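> One file is attached below, model_8.txt, containing compact mmCIF, C-alpha atoms.
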# COMPACT_ATOMS: atom_id res chain seq x y z
CA MET A 212 -34.52 164.52 51.89
CA THR A 213 -33.55 160.84 51.96
CA GLU A 214 -30.48 160.26 54.11
CA PRO A 215 -27.88 157.76 52.81
CA ALA A 216 -27.36 154.55 54.80
CA PRO A 217 -25.20 155.27 57.88
CA VAL A 218 -22.40 152.87 56.92
CA TYR A 219 -18.64 153.30 56.77
CA ALA A 220 -16.65 151.67 53.95
CA SER A 221 -12.93 151.11 54.36
CA GLY A 222 -10.61 153.19 52.17
CA VAL A 223 -13.32 155.67 51.19
CA ASP A 224 -13.70 159.34 52.24
CA HIS A 225 -16.94 158.94 54.18
CA GLU A 226 -18.02 162.57 54.13
CA ARG A 227 -17.44 162.91 50.39
CA LEU A 228 -19.22 159.65 49.52
CA THR A 229 -22.15 160.60 51.75
CA ALA A 230 -22.54 163.93 49.93
CA GLN A 231 -22.47 162.14 46.58
CA LEU A 232 -25.04 159.61 47.75
CA ARG A 233 -27.28 162.36 49.07
CA PHE A 234 -27.30 163.94 45.60
CA ILE A 235 -27.85 160.60 43.83
CA LEU A 236 -30.79 159.77 46.11
CA GLU A 237 -32.24 163.28 45.80
CA VAL A 238 -32.29 163.30 41.98
CA ASP A 239 -34.36 160.10 42.07
CA LYS A 240 -37.24 162.57 42.45
CA LEU A 241 -36.82 163.62 38.82
CA LYS A 242 -38.63 160.37 37.97
CA ARG A 243 -41.78 161.87 39.49
CA ILE A 244 -41.71 165.22 37.67
CA LEU A 245 -44.22 164.93 34.84
CA ARG A 246 -43.92 166.82 31.58
CA ARG A 247 -46.89 167.90 29.47
CA ASN A 248 -46.12 165.68 26.48
CA LEU A 249 -47.09 162.03 26.23
CA LEU A 250 -44.99 158.98 25.45
CA VAL A 251 -44.85 158.19 21.72
CA ASP A 252 -47.58 155.55 22.19
CA GLY A 253 -49.81 158.11 23.93
CA SER A 254 -50.22 155.90 27.02
CA ARG A 255 -49.20 158.44 29.67
CA ARG A 256 -47.27 161.64 30.34
CA GLU A 257 -43.49 161.50 30.17
CA ASN A 258 -41.37 162.15 33.24
CA ASP A 259 -38.20 164.24 33.32
CA ALA A 260 -35.81 161.36 34.09
CA GLU A 261 -36.82 159.12 31.20
CA HIS A 262 -36.99 162.23 28.99
CA SER A 263 -33.37 163.03 29.91
CA TRP A 264 -32.27 159.51 29.00
CA HIS A 265 -34.04 159.71 25.66
CA LEU A 266 -32.42 163.04 24.84
CA ALA A 267 -28.94 161.81 25.74
CA LEU A 268 -29.36 158.81 23.45
CA THR A 269 -30.90 160.94 20.69
CA ALA A 270 -27.96 163.36 20.87
CA ARG A 271 -25.60 160.46 20.21
CA VAL A 272 -27.65 159.09 17.31
CA PHE A 273 -27.93 162.60 15.78
CA ALA A 274 -24.28 163.54 16.50
CA GLU A 275 -23.56 163.94 12.78
CA TYR A 276 -26.05 166.84 12.58
CA ALA A 277 -24.16 168.92 15.15
CA PRO A 278 -21.81 171.64 13.83
CA GLN A 279 -18.33 170.32 13.14
CA GLY A 280 -16.18 170.21 16.25
CA THR A 281 -19.11 169.84 18.67
CA ASP A 282 -18.13 167.66 21.65
CA ILE A 283 -20.99 165.15 21.80
CA GLU A 284 -19.86 163.69 25.13
CA HIS A 285 -20.25 167.15 26.59
CA VAL A 286 -23.70 167.48 25.00
CA VAL A 287 -24.67 164.24 26.76
CA GLU A 288 -23.38 165.60 30.07
CA LEU A 289 -25.47 168.75 29.67
CA LEU A 290 -28.58 166.72 28.88
CA LEU A 291 -28.14 164.42 31.88
CA VAL A 292 -28.40 167.38 34.29
CA HIS A 293 -30.47 169.89 32.29
CA ASP A 294 -33.82 169.23 34.02
CA ILE A 295 -32.67 168.47 37.58
CA VAL A 296 -33.77 171.93 38.80
CA GLU A 297 -37.35 170.92 37.98
CA ILE A 298 -37.36 168.70 41.10
CA ASP A 299 -38.07 171.94 42.98
CA ALA A 300 -39.17 174.32 40.22
CA GLY A 301 -41.50 171.92 38.41
CA ASP A 302 -41.84 171.47 34.68
CA THR A 303 -42.71 174.71 32.86
CA PHE A 304 -44.69 174.14 29.69
CA VAL A 305 -42.84 175.97 26.90
CA TYR A 306 -46.05 177.65 25.71
CA ASP A 307 -47.12 178.84 29.19
CA THR A 308 -46.03 182.50 29.17
CA ARG A 309 -47.29 183.27 32.69
CA MET A 310 -45.24 180.48 34.29
CA SER A 311 -42.28 181.13 31.99
CA ALA A 312 -41.90 184.62 33.48
CA SER A 313 -41.06 183.30 36.96
CA GLN A 314 -39.24 180.21 35.67
CA ALA A 315 -35.68 181.59 35.68
CA GLU A 316 -35.85 182.67 39.32
CA ARG A 317 -37.52 179.47 40.52
CA GLU A 318 -34.94 177.37 38.72
CA ARG A 319 -32.02 179.41 40.09
CA VAL A 320 -33.20 178.80 43.66
CA ALA A 321 -33.58 175.10 42.88
CA ALA A 322 -30.05 174.93 41.45
CA ASP A 323 -28.74 176.64 44.60
CA ARG A 324 -30.19 173.84 46.71
CA ILE A 325 -29.80 170.67 44.65
CA PHE A 326 -26.34 170.94 43.12
CA ALA A 327 -24.98 172.07 46.50
CA LEU A 328 -25.70 168.58 47.88
CA LEU A 329 -22.61 167.35 46.00
CA PRO A 330 -19.05 167.81 47.28
CA LYS A 331 -17.99 171.39 46.51
CA ASP A 332 -15.88 170.66 43.40
CA GLN A 333 -18.60 168.55 41.85
CA ALA A 334 -21.32 171.00 42.86
CA THR A 335 -19.54 173.82 41.03
CA TYR A 336 -19.03 171.65 37.98
CA ALA A 337 -22.61 170.35 37.80
CA ARG A 338 -24.12 173.77 38.31
CA GLY A 339 -21.84 175.08 35.58
CA LEU A 340 -23.27 172.46 33.23
CA TRP A 341 -26.80 173.63 33.94
CA GLU A 342 -25.87 177.29 33.48
CA GLU A 343 -24.11 176.48 30.22
CA PHE A 344 -27.20 174.67 28.95
CA GLU A 345 -29.47 177.57 29.84
CA ALA A 346 -27.20 180.27 28.39
CA ARG A 347 -26.84 178.54 24.98
CA LEU A 348 -23.53 180.27 24.32
CA THR A 349 -21.60 177.13 23.33
CA PRO A 350 -22.24 174.85 20.30
CA GLU A 351 -22.77 171.99 22.78
CA ALA A 352 -25.48 173.87 24.69
CA ARG A 353 -27.18 174.95 21.47
CA PHE A 354 -27.18 171.39 20.13
CA ALA A 355 -28.45 170.02 23.46
CA LYS A 356 -31.27 172.59 23.46
CA ALA A 357 -32.10 171.69 19.85
CA ILE A 358 -32.53 168.04 20.83
CA ASP A 359 -34.62 169.09 23.85
CA ARG A 360 -36.94 171.14 21.62
CA LEU A 361 -37.19 168.53 18.85
CA ALA A 362 -38.16 165.58 21.09
CA PRO A 363 -41.63 166.86 22.14
CA MET A 364 -42.34 167.77 18.50
CA LEU A 365 -41.71 164.15 17.53
CA ALA A 366 -43.96 162.98 20.37
CA ASN A 367 -46.70 165.46 19.40
CA TRP A 368 -46.64 164.53 15.72
CA HIS A 369 -46.94 160.84 16.65
CA THR A 370 -49.85 161.39 19.06
CA ASP A 371 -52.22 163.20 16.63
CA GLY A 372 -50.94 166.63 17.62
CA GLY A 373 -50.54 165.88 21.34
CA THR A 374 -50.04 169.00 23.46
CA TRP A 375 -50.34 171.29 20.40
CA VAL A 376 -53.98 170.25 20.06
CA GLN A 377 -54.62 169.89 23.79
CA TYR A 378 -53.44 173.41 24.65
CA GLY A 379 -54.43 175.19 21.41
CA VAL A 380 -50.87 176.07 20.37
CA THR A 381 -50.47 178.14 17.18
CA LYS A 382 -48.06 177.42 14.33
CA ASP A 383 -46.21 180.69 15.03
CA GLN A 384 -45.56 179.63 18.62
CA VAL A 385 -44.06 176.37 17.41
CA LEU A 386 -41.98 178.03 14.68
CA GLU A 387 -40.28 180.05 17.40
CA LYS A 388 -39.07 176.75 18.92
CA VAL A 389 -37.98 175.59 15.47
CA ARG A 390 -35.70 178.62 15.32
CA ILE A 391 -33.97 177.38 18.49
CA ILE A 392 -33.50 173.97 16.86
CA ALA A 393 -32.00 175.56 13.73
CA GLU A 394 -29.55 177.51 15.90
CA GLY A 395 -28.22 174.23 17.27
CA SER A 396 -28.31 172.19 14.08
CA GLU A 397 -29.02 173.26 10.49
CA ALA A 398 -30.13 169.74 9.48
CA LEU A 399 -32.43 169.23 12.46
CA GLY A 400 -33.84 172.72 11.96
CA SER A 401 -34.64 171.81 8.38
CA TYR A 402 -36.28 168.57 9.52
CA ALA A 403 -38.29 170.32 12.23
CA THR A 404 -39.54 172.89 9.70
CA ALA A 405 -40.75 170.11 7.38
CA LEU A 406 -42.37 168.33 10.34
CA ILE A 407 -44.25 171.48 11.39
CA GLU A 408 -45.46 172.15 7.83
CA ASP A 409 -46.80 168.62 7.74
CA ALA A 410 -48.41 169.00 11.18
CA ASP A 411 -50.02 172.23 9.94
CA ARG A 412 -51.49 170.42 6.89
CA ARG A 413 -52.93 167.88 9.30
CA GLY A 414 -54.65 170.65 11.26
CA TYR A 415 -52.73 170.19 14.53
CA PHE A 416 -52.35 173.95 15.21
CA SER A 417 -54.81 176.46 16.60
CA ARG A 418 -55.95 179.23 14.19
CA LYS A 419 -56.78 181.69 16.97
CA MET B 139 -43.45 149.84 15.13
CA THR B 140 -44.09 153.60 14.97
CA GLU B 141 -43.25 155.02 11.54
CA PRO B 142 -41.49 158.40 11.42
CA ALA B 143 -43.38 161.32 9.87
CA PRO B 144 -43.25 161.08 6.06
CA VAL B 145 -41.51 164.42 5.53
CA TYR B 146 -38.48 165.41 3.49
CA ALA B 147 -36.01 167.94 4.83
CA SER B 148 -33.67 169.77 2.47
CA GLY B 149 -29.97 168.93 2.70
CA VAL B 150 -30.53 165.76 4.74
CA ASP B 151 -30.09 162.11 3.65
CA HIS B 152 -33.73 161.09 3.97
CA GLU B 153 -33.19 157.34 4.18
CA ARG B 154 -30.53 157.68 6.87
CA LEU B 155 -32.52 160.15 8.98
CA THR B 156 -35.61 157.95 8.70
CA ALA B 157 -33.67 154.94 10.00
CA GLN B 158 -32.37 157.03 12.91
CA LEU B 159 -35.85 158.30 13.72
CA ARG B 160 -37.27 154.79 13.57
CA PHE B 161 -34.74 153.72 16.25
CA ILE B 162 -35.35 156.82 18.39
CA LEU B 163 -39.12 156.27 18.30
CA GLU B 164 -38.75 152.53 18.96
CA VAL B 165 -36.62 152.94 22.09
CA ASP B 166 -39.35 155.15 23.58
CA LYS B 167 -40.82 151.78 24.59
CA LEU B 168 -38.06 151.38 27.20
CA LYS B 169 -40.10 153.84 29.30
CA ARG B 170 -42.75 151.14 29.68
CA ILE B 171 -40.46 148.27 30.73
CA LEU B 172 -40.81 147.96 34.49
CA ARG B 173 -38.05 146.71 36.75
CA ARG B 174 -38.68 144.90 40.03
CA ASN B 175 -37.22 147.56 42.29
CA LEU B 176 -39.11 150.63 43.48
CA LEU B 177 -38.21 154.31 43.29
CA VAL B 178 -36.27 155.52 46.33
CA ASP B 179 -39.51 156.92 47.82
CA GLY B 180 -41.23 153.55 47.36
CA SER B 181 -44.08 155.08 45.33
CA ARG B 182 -43.94 152.78 42.30
CA ARG B 183 -41.71 150.45 40.28
CA GLU B 184 -38.87 151.97 38.29
CA ASN B 185 -38.80 151.77 34.50
CA ASP B 186 -35.74 150.96 32.40
CA ALA B 187 -35.46 154.39 30.75
CA GLU B 188 -35.37 156.45 33.95
CA HIS B 189 -33.11 153.77 35.49
CA SER B 190 -30.66 154.21 32.59
CA TRP B 191 -30.62 157.99 33.12
CA HIS B 192 -29.97 157.56 36.83
CA LEU B 193 -27.09 155.15 36.19
CA ALA B 194 -25.46 157.43 33.61
CA LEU B 195 -25.56 160.32 36.06
CA THR B 196 -24.37 158.12 38.95
CA ALA B 197 -21.43 156.92 36.85
CA ARG B 198 -20.34 160.53 36.39
CA VAL B 199 -20.72 161.40 40.08
CA PHE B 200 -18.79 158.24 41.07
CA ALA B 201 -16.16 158.59 38.31
CA GLU B 202 -13.38 158.93 40.89
CA TYR B 203 -14.05 155.38 42.13
CA ALA B 204 -13.37 153.82 38.71
CA PRO B 205 -9.90 152.31 38.14
CA GLN B 206 -7.38 154.86 36.87
CA GLY B 207 -7.62 155.39 33.12
CA THR B 208 -11.28 154.38 32.87
CA ASP B 209 -13.03 156.40 30.14
CA ILE B 210 -16.15 157.68 31.92
CA GLU B 211 -17.72 159.05 28.74
CA HIS B 212 -17.58 155.53 27.37
CA VAL B 213 -19.12 154.16 30.59
CA VAL B 214 -22.01 156.60 30.08
CA GLU B 215 -22.43 155.42 26.48
CA LEU B 216 -22.61 151.80 27.64
CA LEU B 217 -25.21 152.66 30.27
CA LEU B 218 -27.41 154.60 27.84
CA VAL B 219 -27.90 151.48 25.67
CA HIS B 220 -27.41 148.64 28.19
CA ASP B 221 -31.11 147.84 28.77
CA ILE B 222 -32.54 148.54 25.29
CA VAL B 223 -32.81 144.80 24.52
CA GLU B 224 -35.36 144.55 27.34
CA ILE B 225 -37.93 146.22 25.05
CA ASP B 226 -38.36 142.74 23.53
CA ALA B 227 -36.74 140.47 26.14
CA GLY B 228 -38.32 142.07 29.22
CA ASP B 229 -36.61 142.78 32.51
CA THR B 230 -35.05 139.71 34.09
CA PHE B 231 -34.92 139.88 37.89
CA VAL B 232 -31.31 139.18 38.89
CA TYR B 233 -32.41 136.60 41.48
CA ASP B 234 -34.74 134.70 39.11
CA THR B 235 -32.59 131.72 38.08
CA ARG B 236 -35.22 130.14 35.81
CA MET B 237 -35.63 133.27 33.67
CA SER B 238 -31.90 134.02 33.80
CA ALA B 239 -31.21 130.75 31.96
CA SER B 240 -33.04 131.87 28.81
CA GLN B 241 -32.09 135.52 29.18
CA ALA B 242 -28.96 135.53 27.00
CA GLU B 243 -30.75 134.05 23.99
CA ARG B 244 -33.84 136.27 24.35
CA GLU B 245 -31.65 139.36 24.59
CA ARG B 246 -29.54 138.36 21.59
CA VAL B 247 -32.65 138.07 19.41
CA ALA B 248 -33.83 141.46 20.70
CA ALA B 249 -30.47 143.05 19.90
CA ASP B 250 -30.66 141.58 16.37
CA ARG B 251 -33.93 143.41 15.79
CA ILE B 252 -33.62 146.70 17.64
CA PHE B 253 -30.08 147.89 16.89
CA ALA B 254 -30.61 146.94 13.22
CA LEU B 255 -33.17 149.75 12.94
CA LEU B 256 -30.26 152.21 12.87
CA PRO B 257 -28.18 152.93 9.74
CA LYS B 258 -25.68 150.09 9.35
CA ASP B 259 -22.61 151.89 10.76
CA GLN B 260 -24.50 153.04 13.83
CA ALA B 261 -26.21 149.68 14.26
CA THR B 262 -22.84 147.93 14.40
CA TYR B 263 -21.52 150.48 16.86
CA ALA B 264 -24.53 150.41 19.19
CA ARG B 265 -24.72 146.64 19.21
CA GLY B 266 -21.00 146.57 20.00
CA LEU B 267 -21.66 148.74 23.04
CA TRP B 268 -24.29 146.31 24.33
CA GLU B 269 -22.00 143.31 23.74
CA GLU B 270 -19.14 145.08 25.50
CA PHE B 271 -21.35 145.79 28.51
CA GLU B 272 -22.51 142.18 28.73
CA ALA B 273 -19.01 140.67 28.30
CA ARG B 274 -17.46 142.81 31.08
CA LEU B 275 -13.99 142.48 29.54
CA THR B 276 -13.14 146.19 29.63
CA PRO B 277 -12.73 148.43 32.72
CA GLU B 278 -15.56 150.60 31.33
CA ALA B 279 -17.96 147.66 31.09
CA ARG B 280 -17.00 146.41 34.56
CA PHE B 281 -17.52 149.85 36.07
CA ALA B 282 -20.86 150.28 34.23
CA LYS B 283 -22.01 146.90 35.53
CA ALA B 284 -20.92 147.84 39.05
CA ILE B 285 -23.10 150.95 38.93
CA ASP B 286 -25.98 148.86 37.52
CA ARG B 287 -25.69 146.41 40.43
CA LEU B 288 -25.24 149.05 43.12
CA ALA B 289 -28.30 151.16 42.19
CA PRO B 290 -31.00 148.62 43.15
CA MET B 291 -29.14 147.94 46.43
CA LEU B 292 -29.43 151.64 47.28
CA ALA B 293 -33.13 151.58 46.37
CA ASN B 294 -33.71 148.41 48.42
CA TRP B 295 -31.93 149.72 51.49
CA HIS B 296 -34.02 152.92 51.34
CA THR B 297 -37.33 151.08 50.95
CA ASP B 298 -37.05 148.84 54.06
CA GLY B 299 -35.42 146.00 52.14
CA GLY B 300 -37.51 146.39 48.98
CA THR B 301 -37.20 143.43 46.59
CA TRP B 302 -34.88 141.58 49.01
CA VAL B 303 -37.74 141.28 51.45
CA GLN B 304 -40.48 140.95 48.82
CA TYR B 305 -38.81 138.00 47.05
CA GLY B 306 -37.07 136.38 50.04
CA VAL B 307 -33.53 136.97 48.77
CA THR B 308 -30.68 135.57 50.90
CA LYS B 309 -27.55 137.43 51.95
CA ASP B 310 -25.39 135.00 49.95
CA GLN B 311 -27.31 135.79 46.77
CA VAL B 312 -26.70 139.50 47.28
CA LEU B 313 -23.02 139.03 48.14
CA GLU B 314 -22.57 137.45 44.72
CA LYS B 315 -23.72 140.75 43.17
CA VAL B 316 -21.39 142.64 45.50
CA ARG B 317 -18.52 140.66 43.98
CA ILE B 318 -19.46 142.06 40.55
CA ILE B 319 -19.44 145.58 42.01
CA ALA B 320 -15.99 145.02 43.54
CA GLU B 321 -14.69 143.84 40.16
CA GLY B 322 -15.67 147.20 38.66
CA SER B 323 -14.66 149.41 41.56
CA GLU B 324 -12.77 148.61 44.76
CA ALA B 325 -14.28 151.58 46.62
CA LEU B 326 -17.86 150.87 45.55
CA GLY B 327 -17.36 147.19 46.34
CA SER B 328 -16.25 148.17 49.83
CA TYR B 329 -19.28 150.45 50.21
CA ALA B 330 -21.68 147.77 48.93
CA THR B 331 -20.24 145.25 51.42
CA ALA B 332 -20.82 147.66 54.31
CA LEU B 333 -24.34 148.38 53.03
CA ILE B 334 -25.20 144.66 52.86
CA GLU B 335 -23.84 144.02 56.36
CA ASP B 336 -26.05 146.81 57.63
CA ALA B 337 -29.05 145.47 55.69
CA ASP B 338 -28.39 142.06 57.24
CA ARG B 339 -28.40 143.56 60.76
CA ARG B 340 -31.73 145.13 59.91
CA GLY B 341 -33.12 141.71 58.97
CA TYR B 342 -33.71 142.43 55.27
CA PHE B 343 -32.46 139.01 54.07
CA SER B 344 -34.16 135.64 54.04
CA ARG B 345 -32.63 132.96 56.33
CA LYS B 346 -33.93 130.04 54.24
The structure in this file should be written as structure tokens.

Amino acid sequence: MTEPAPVYASGVDHERLTAQLRFILEVDKLKRILRRNLLVDGSRRENDAEHSWHLALTARVFAEYAPQGTDIEHVVELLLVHDIVEIDAGDTFVYDTRMSASQAERERVAADRIFALLPKDQATYARGLWEEFEARLTPEARFAKAIDRLAPMLANWHTDGGTWVQYGVTKDQVLEKVRIIAEGSEALGSYATALIEDADRRGYFSRK
Amino acid sequence: MTEPAPVYASGVDHERLTAQLRFILEVDKLKRILRRNLLVDGSRRENDAEHSWHLALTARVFAEYAPQGTDIEHVVELLLVHDIVEIDAGDTFVYDTRMSASQAERERVAADRIFALLPKDQATYARGLWEEFEARLTPEARFAKAIDRLAPMLANWHTDGGTWVQYGVTKDQVLEKVRIIAEGSEALGSYATALIEDADRRGYFSRK
């Protein structure tokens, strides 16, 4: 844990600011959590922080494909915090069933620690965002999750199959993720389906 | 330029979606633009994409220090796009006066190319965000810029002076950046001043 600078600023609640700084410094670690998928140019693996930025921007660009009435600002908020628990829990590859089984518990423990660094009101709010994202009960959470599932598909298609090829993923496994995209956005679900059919023609999926 | 997958999705304006995808794929390059400052743990240089994520999140955590009436969602929007021009123009170190002279023109040319990848309505909007950030005429832009200036100070303080030491930066040069922080947020300006005084006591600034 990196401790904030021990300085006092006039006119500022020192304890509150220190808690906020502790959180801001702690989440810097998200920049070192590597995902399985590569950058679009294939040069290296993507990290969770830059991934989160890309999703937030993508959500804004694709706002028109969200169901009517979806609050895009709230979608962005969800995406900014959605992977923070991976600082402790690590990135779980979506096609790794063994790790996925313990994922929920590991991430809950991580949320307990990391969001609690913030002042209490903000901690409750930020943790609520993460829980909302995971539960997918709101249109905003479903759209955010759709963007989160679509992004690695784009990266995989543009890197000759990427992690699909590397880990021997089957078309059926990917179509399950497409269903999650369609639940968040009809248009993006339709696009993802077309993308997967094309990837299949190119032989990117395992036949096992 | 990475071309989007040549696939057609039913019920989607193909030309529009392709333009959006071209932009989304292009900005992936921001993950490879390195800044001068290091991560908080000192392990490597920070890239523009993960930096933008960190700022957007920091803006939300520090929302209470923005002047009353500041639209924080809009601040986040500004921060998500504020560095995209650096894909072409590169990162300009804030204390490099020679590069700073040509920076405005290089970034304008970059904005002309990159934002224009989007459909026309979105291109105009996104470019407007970048211009608003640069002009600092709105409370949102001033607060966004304050966060952008404060972040590397936090990183420098936590890495034994970081780029201040590495490039022989003087206290006066840094205090000029503190002024920009104070213009966006009185409280954060006050904090930055205290942080710089402490950094000075620790001998992080050049006496030249």
> Of the residues A:Leu406, A:Leu245, A:Val223, A:Leu291, which is the one nearest to His369 (chain A), using only C-alpha atoms?
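Among A:Leu406, A:Leu245, A:Val223, A:Leu291, it is A:Leu406 that comes nearest to His369 (chain A).
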> Within 7 Å of region 214-222 of chain A, counting only C-alpha atoms, which residues show up once you throw out same-chain ones fewer than 2 positions away? Write them as a ChimeraX atom specification, please.
/A:212,224-225,229,232-233 /B:325,328-329,332-333
> Put those residues in a file: C-alpha atoms, as a PDB file, in the coordinates of the input.

ATOM      1  CA  MET A 212     -34.520 164.520  51.890  1.00  0.00           C
ATOM      2  CA  ASP A 224     -13.700 159.340  52.240  1.00  0.00           C
ATOM      3  CA  HIS A 225     -16.940 158.940  54.180  1.00  0.00           C
ATOM      4  CA  THR A 229     -22.150 160.600  51.750  1.00  0.00           C
ATOM      5  CA  LEU A 232     -25.040 159.610  47.750  1.00  0.00           C
ATOM      6  CA  ARG A 233     -27.280 162.360  49.070  1.00  0.00           C
TER       7      ARG A 233
ATOM      8  CA  ALA B 325     -14.280 151.580  46.620  1.00  0.00           C
ATOM      9  CA  SER B 328     -16.250 148.170  49.830  1.00  0.00           C
ATOM     10  CA  TYR B 329     -19.280 150.450  50.210  1.00  0.00           C
ATOM     11  CA  ALA B 332     -20.820 147.660  54.310  1.00  0.00           C
ATOM     12  CA  LEU B 333     -24.340 148.380  53.030  1.00  0.00           C
TER      13      LEU B 333
END
> Excluding Gly301 (chain A) and any residue of its chain fewer than 6 positions from it, enumerate the residues within 10 Å of it, using all atoms listed in the file, and give them as an mmCIF file with C-alpha atoms, keeping the file's coordinate frame.

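Resulting contents of result.cif:
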data_model
loop_
_atom_site.group_PDB
_atom_site.id
_atom_site.type_symbol
_atom_site.label_atom_id
_atom_site.label_comp_id
_atom_site.auth_asym_id
_atom_site.auth_seq_id
_atom_site.Cartn_x
_atom_site.Cartn_y
_atom_site.Cartn_z
ATOM 1 C CA LEU A 241 -36.820 163.620 38.820
ATOM 2 C CA ILE A 244 -41.710 165.220 37.670
ATOM 3 C CA LEU A 245 -44.220 164.930 34.840
ATOM 4 C CA ARG A 246 -43.920 166.820 31.580
ATOM 5 C CA ASP A 259 -38.200 164.240 33.320
ATOM 6 C CA ASP A 294 -33.820 169.230 34.020
ATOM 7 C CA ILE A 295 -32.670 168.470 37.580
ATOM 8 C CA GLN A 314 -39.240 180.210 35.670
ATOM 9 C CA ARG A 317 -37.520 179.470 40.520
ATOM 10 C CA GLU A 318 -34.940 177.370 38.720
ATOM 11 C CA ALA A 321 -33.580 175.100 42.880
#
> Up to 12 Å from (-42.6, 174.8, 30.0) in the file's coordinates: name the residues, counting all atoms listed in the file, as a short mmCIF file (atom, residue, chain, number, x, y, z; two decimals) with C-alpha atoms, keeping the file's coordinate frame.

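Written file, selection_11.cif:
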data_model
loop_
_atom_site.label_atom_id
_atom_site.label_comp_id
_atom_site.auth_asym_id
_atom_site.auth_seq_id
_atom_site.Cartn_x
_atom_site.Cartn_y
_atom_site.Cartn_z
CA LEU A 245 -44.22 164.93 34.84
CA ARG A 246 -43.92 166.82 31.58
CA ARG A 247 -46.89 167.90 29.47
CA ASN A 248 -46.12 165.68 26.48
CA ASP A 259 -38.20 164.24 33.32
CA ASP A 294 -33.82 169.23 34.02
CA GLU A 297 -37.35 170.92 37.98
CA ALA A 300 -39.17 174.32 40.22
CA GLY A 301 -41.50 171.92 38.41
CA ASP A 302 -41.84 171.47 34.68
CA THR A 303 -42.71 174.71 32.86
CA PHE A 304 -44.69 174.14 29.69
CA VAL A 305 -42.84 175.97 26.90
CA TYR A 306 -46.05 177.65 25.71
CA ASP A 307 -47.12 178.84 29.19
CA THR A 308 -46.03 182.50 29.17
CA ARG A 309 -47.29 183.27 32.69
CA MET A 310 -45.24 180.48 34.29
CA SER A 311 -42.28 181.13 31.99
CA ALA A 312 -41.90 184.62 33.48
CA SER A 313 -41.06 183.30 36.96
CA GLN A 314 -39.24 180.21 35.67
CA ALA A 315 -35.68 181.59 35.68
CA GLU A 318 -34.94 177.37 38.72
CA ASP A 359 -34.62 169.09 23.85
CA ARG A 360 -36.94 171.14 21.62
CA PRO A 363 -41.63 166.86 22.14
CA THR A 374 -50.04 169.00 23.46
CA LYS A 388 -39.07 176.75 18.92
#
> I'd like the interatomic distance between CA of Tyr342 (chain B) and CA of Met291 (chain B), to a tenth of an Å.
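Spanning CA of Tyr342 (chain B) to CA of Met291 (chain B) is a straight-line distance of 11.4 Å.
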> What is the CA of Ala362 (chain A)-CA of Ala187 (chain B) distance in Å, reported with one decimal?
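These two atoms are separated by 15.0 Å.
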> Once you count all atoms listed in the file, what closest atom pair and distance in Å to one decimal does each residue of region 179-287 of chain B within 12 Å of region 271-290 of chain A have, with rows by chain and rising residue number, as JSON lines?

{"residue": "B:Trp191", "atom": "CA", "partner": "A:Leu290", "partner_atom": "CA", "distance": 9.9}
{"residue": "B:Ala194", "atom": "CA", "partner": "A:Glu288", "partner_atom": "CA", "distance": 9.1}
{"residue": "B:Leu195", "atom": "CA", "partner": "A:Glu288", "partner_atom": "CA", "distance": 8.3}
{"residue": "B:Thr196", "atom": "CA", "partner": "A:Glu288", "partner_atom": "CA", "distance": 11.7}
{"residue": "B:Ala197", "atom": "CA", "partner": "A:Glu288", "partner_atom": "CA", "distance": 11.2}
{"residue": "B:Arg198", "atom": "CA", "partner": "A:Glu288", "partner_atom": "CA", "distance": 8.7}
{"residue": "B:Val199", "atom": "CA", "partner": "A:Glu288", "partner_atom": "CA", "distance": 11.2}
{"residue": "B:Asp209", "atom": "CA", "partner": "A:Glu284", "partner_atom": "CA", "distance": 11.2}
{"residue": "B:Ile210", "atom": "CA", "partner": "A:Glu284", "partner_atom": "CA", "distance": 9.8}
{"residue": "B:Glu211", "atom": "CA", "partner": "A:Glu284", "partner_atom": "CA", "distance": 6.3}
{"residue": "B:His212", "atom": "CA", "partner": "A:Glu284", "partner_atom": "CA", "distance": 8.8}
{"residue": "B:Val213", "atom": "CA", "partner": "A:Glu284", "partner_atom": "CA", "distance": 11.0}
{"residue": "B:Val214", "atom": "CA", "partner": "A:Val287", "partner_atom": "CA", "distance": 8.7}
{"residue": "B:Glu215", "atom": "CA", "partner": "A:Arg271", "partner_atom": "CA", "distance": 8.6}
{"residue": "B:Leu216", "atom": "CA", "partner": "A:Arg271", "partner_atom": "CA", "distance": 11.8}
{"residue": "B:Leu218", "atom": "CA", "partner": "A:Arg271", "partner_atom": "CA", "distance": 9.8}
{"residue": "B:Val219", "atom": "CA", "partner": "A:Arg271", "partner_atom": "CA", "distance": 10.8}
{"residue": "B:Phe253", "atom": "CA", "partner": "A:Val272", "partner_atom": "CA", "distance": 11.5}
{"residue": "B:Leu255", "atom": "CA", "partner": "A:Val272", "partner_atom": "CA", "distance": 11.7}
{"residue": "B:Leu256", "atom": "CA", "partner": "A:Val272", "partner_atom": "CA", "distance": 8.6}
{"residue": "B:Pro257", "atom": "CA", "partner": "A:Val272", "partner_atom": "CA", "distance": 9.8}
{"residue": "B:Asp259", "atom": "CA", "partner": "A:Val272", "partner_atom": "CA", "distance": 11.0}
{"residue": "B:Gln260", "atom": "CA", "partner": "A:Val272", "partner_atom": "CA", "distance": 7.7}
{"residue": "B:Ala261", "atom": "CA", "partner": "A:Val272", "partner_atom": "CA", "distance": 10.0}
{"residue": "B:Tyr263", "atom": "CA", "partner": "A:Val272", "partner_atom": "CA", "distance": 10.6}
{"residue": "B:Ala264", "atom": "CA", "partner": "A:Val272", "partner_atom": "CA", "distance": 9.4}
> Closest to Asn367 (chain A) among B:Leu163, B:Val316, B:Leu155, B:Val223, using all atoms listed in the file?
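When distances to Asn367 (chain A) are compared using all atoms listed in the file, the smallest one comes from B:Leu163.
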